[in-house]
Amino acid sequence: MDLGSCYLGGNADAVEFCPHRPFRHVLAAATYTLQEQERDRAGSISLFSVDVASEDASRRLQLLYTVETAGIFDMKWSPKSPLLAQADAHGRLALRRLEQEDGSDTGILLTDVSAEDISSSMCLYVDWNQTAESLSVGLSDGSLSLVSVREDRLEISEQWTAHQFEVWTCYFDRTRPHLLYSGSDDCCFSCWDLRESPSNIVFQNKKSHKMGVCCITQNPLEGNMLLTGSYDEFLRVWDMRFMAKPVNQKLINLGGGVWRMKYHPSIADVVLAACMHNGFAIVKVGSGDATVMETYCKHESLAYGADWQKSEEVEQNGNSSVVATCSFYDRLLRVWQPENLAEL
């Protein structure tokens, strides 16, 4: 069921619901627009209020705040506080804090906390470790950066050449915090041991993905299950018990490049995927074969950004789940509720 939609001021490529109370109704949407005349990449972050319960349809998705930025490729909320990390086209990593000035939604804004020049290349992806003391950044020149966060200040702790081409994704292992995964346009899916300096490679899979590796995520209840998404249109499921040589257990073709994946916040084995030319898909990745439960094709351009809302209602009843999605060239943001989760 569609709840609301709007057009953003630039090409939309990332959406992230704030997971922290009292801001769980706040959705951040980011843009990246190439300005050819100025030879610049401009962007923005817009904050929206999402109120599913409102009887007034116009109030279900309301714009609260917008800040102009460099073009943003990715952003992530800290797992510990309403602190938003953004990775941008100017090679900078920035932290912004979500605040509420007057106790109402009209006072919601982002305040600048810290920023650091990471590279002369573009920052393509960012991920927090679970203690929120470190960030990993994937760069367009094939490098990975580790950035420490101390008293809200950013400091590069390590940077190394990890891949031949763009690092589209990097992901801290949620149960083994010394491990960092990366995926690149060179078709490699890699893992790094951060206890070594420089970081030591644990494995590098060069053969499984036929095109670039775009995204990586871990089953929140089963730490030995990892998913990868690729331009080759496959979502792959990995058994990580033998870390030196992980086993590709199964795969499913989603009909478009798998750009982003997000596990459902409370229903095990349910994944939301952004599938570029083929819209969005909700996939069940359980003990049996991976299956598509539902597709959403109401966007008219590249499906890039996707996220689940975290809320008390969803924790009590997964069927009340709310999804935000965005698409690139048509600059469209949509908020909707899946129809088939009641079957679980």
# chains A, B, ... in the order shown; residues from 1 in each chain; ligands from 1
>>> closest_atom_pairs(of="stretch 7-83 of chain A", to="stretch 260-280 of chain A", cutoff="12 Å", atoms="only C-alpha atoms", output="tab-separated table")
residue	atom	partner	partner_atom	distance
A:Asp13	CA	A:Arg260	CA	10.3
A:Ala14	CA	A:Arg260	CA	9.4
A:Val15	CA	A:Arg260	CA	10.6
A:Glu16	CA	A:Lys262	CA	10.5
A:Phe17	CA	A:Pro265	CA	11.4
A:Pro19	CA	A:Pro265	CA	9.7
A:Asp74	CA	A:Arg260	CA	10.7
>>> residues_around(residues="stretch 312-326 of chain A", least_positions_apart="3", cutoff="7 Å", atoms="only C-alpha atoms", output="list in words")
Ala12, Asp13, Ala14, Val15, Ser266, Ile267, Ala303, Tyr304, Gly305, Ala306, Asp307, Trp308, Gln309, Leu332, Leu333, Arg334, Val335, Trp336, Gln337, Pro338, Leu341 and Ala342 of chain A
>>> select_by_dssp(residues="stretch 8-135 of chain A", states="strand (DSSP E)", output="PyMOL selection string")
chain A and resi 12-17+26-35+40-50+61-70+72-77+83-88+92-100+108-117+123-128+134-135
>>> write_last_selection(atoms="C-alpha atoms", output="compact mmCIF listing (two decimals), in the first residue's frame")
# COMPACT_ATOMS: atom_id res chain seq x y z
CA ALA A 12 17.91 10.38 -5.34
CA ASP A 13 20.27 7.59 -4.30
CA ALA A 14 20.01 6.82 -0.57
CA VAL A 15 17.32 6.62 2.14
CA GLU A 16 17.87 5.82 5.82
CA PHE A 17 15.30 5.74 8.63
CA VAL A 26 12.43 10.60 10.73
CA LEU A 27 13.62 9.54 7.27
CA ALA A 28 16.79 10.93 5.66
CA ALA A 29 16.95 11.03 1.84
CA ALA A 30 20.14 11.94 -0.04
CA THR A 31 20.87 13.12 -3.57
CA TYR A 32 23.79 13.19 -6.01
CA THR A 33 23.60 15.36 -9.14
CA LEU A 34 26.35 15.92 -11.69
CA GLN A 35 26.39 19.60 -12.69
CA ASP A 40 30.77 19.70 -9.82
CA ARG A 41 28.76 17.03 -8.05
CA ALA A 42 26.12 18.62 -5.83
CA GLY A 43 23.86 16.94 -3.33
CA SER A 44 21.52 17.32 -0.39
CA ILE A 45 20.10 15.59 2.66
CA SER A 46 16.38 16.02 3.31
CA LEU A 47 14.63 14.95 6.49
CA PHE A 48 11.02 13.77 6.35
CA SER A 49 8.44 12.84 8.96
CA VAL A 50 6.72 9.52 8.22
CA LEU A 61 5.16 12.06 4.37
CA GLN A 62 6.18 15.61 5.29
CA LEU A 63 9.39 17.47 4.51
CA LEU A 64 11.00 18.85 7.69
CA TYR A 65 14.46 20.06 6.71
CA THR A 66 16.99 20.15 3.85
CA VAL A 67 20.71 20.92 3.79
CA GLU A 68 22.78 21.38 0.62
CA THR A 69 25.93 19.24 0.45
CA ALA A 70 28.41 17.81 -2.01
CA ILE A 72 26.27 12.05 -1.57
CA PHE A 73 26.85 8.42 -2.52
CA ASP A 74 25.96 6.90 0.85
CA MET A 75 25.00 7.71 4.43
CA LYS A 76 24.45 5.69 7.61
CA TRP A 77 23.08 6.37 11.10
CA LEU A 83 24.52 10.75 14.33
CA LEU A 84 24.51 10.54 10.52
CA ALA A 85 27.69 9.78 8.57
CA GLN A 86 27.77 10.88 4.94
CA ALA A 87 30.23 9.80 2.21
CA ASP A 88 30.47 12.35 -0.58
CA ARG A 92 34.93 13.88 2.48
CA LEU A 93 33.36 12.03 5.37
CA ALA A 94 31.04 14.17 7.50
CA LEU A 95 29.09 13.62 10.71
CA ARG A 96 25.80 15.43 11.35
CA ARG A 97 23.70 15.18 14.49
CA LEU A 98 19.90 14.98 14.39
CA GLU A 99 18.43 17.44 16.89
CA GLN A 100 15.06 18.87 17.88
CA ILE A 108 14.10 19.03 13.66
CA LEU A 109 17.41 19.70 11.92
CA LEU A 110 20.92 18.37 11.32
CA THR A 111 23.85 20.14 12.97
CA ASP A 112 27.44 19.81 11.73
CA VAL A 113 29.62 17.78 14.08
CA SER A 114 32.81 16.93 12.22
CA ALA A 115 34.25 16.44 8.74
CA GLU A 116 37.46 14.97 7.37
CA ASP A 117 39.05 14.91 3.92
CA CYS A 123 33.84 8.37 -1.04
CA LEU A 124 31.36 5.78 -2.31
CA TYR A 125 30.22 3.90 0.79
CA VAL A 126 30.34 4.17 4.57
CA ASP A 127 29.71 1.70 7.41
CA TRP A 128 29.87 1.99 11.22
CA SER A 134 35.15 3.40 13.84
CA LEU A 135 33.92 3.91 10.28
>>> closest_residue(among="A:Thr161, A:Thr291, A:Ser145, A:Asn224", to="A:Lys250", atoms="only C-alpha atoms")
A:Thr291
>>> closest_residue(among="A:Gly256, A:Gly4, A:Pro220, A:Gly10", to="A:Val52", atoms="only C-alpha atoms")
A:Gly4
>>> residues_around(residues="A:Gln218", least_positions_apart="4", cutoff="12 Å", atoms="only C-alpha atoms", output="VMD selection string")
chain A and resid 170 to 176 180 to 181 222 to 229 236 to 240 261 to 264 268 to 271 285
>>> atom_distance(atom1="atom CA of A:Gln164", atom2="atom CA of A:Ser78")
29.1 Å
>>> select_by_dssp(residues="stretch 25-238 of chain A", states="helix (DSSP H, G or I)", output="PyMOL selection string")
chain A and resi 57-59+105-107
>>> atom_distance(atom1="atom CA of A:Tyr7", atom2="atom CA of A:Arg331")
5.4 Å
>>> atom_distance(atom1="atom CA of A:Ser208", atom2="atom CA of A:Gly183")
12.0 Å
>>> residues_around(residues="A:Met211", least_positions_apart="2", cutoff="7 Å", atoms="only C-alpha atoms", output="list of chain:residue names")
A:Asp185, A:Cys187, A:His209, A:Val213, A:Ser230, A:Tyr231, A:Asp232
>>> closest_residue(among="A:Thr131, A:Ser199, A:Ser148, A:Ser327", to="A:Ser81", atoms="only C-alpha atoms")
A:Thr131
>>> residues_around(residues="A:Asn253", least_positions_apart="4", cutoff="8 Å", atoms="only C-alpha atoms", output="list in words")
Glu233, Phe234 and Leu235 of chain A
>>> write_last_selection(atoms="C-alpha atoms", output="PDB file, in the first residue's frame")
ATOM      1  CA  GLU A 233      21.733  -9.388 -10.930  1.00  0.00           C
ATOM      2  CA  PHE A 234      22.321 -12.170  -8.394  1.00  0.00           C
ATOM      3  CA  LEU A 235      21.847 -12.114  -4.644  1.00  0.00           C
TER       4      LEU A 235
END
>>> closest_residue(among="A:Gln37, A:Leu179, A:Trp259, A:Ala53", to="A:Leu3", atoms="only C-alpha atoms")
A:Ala53
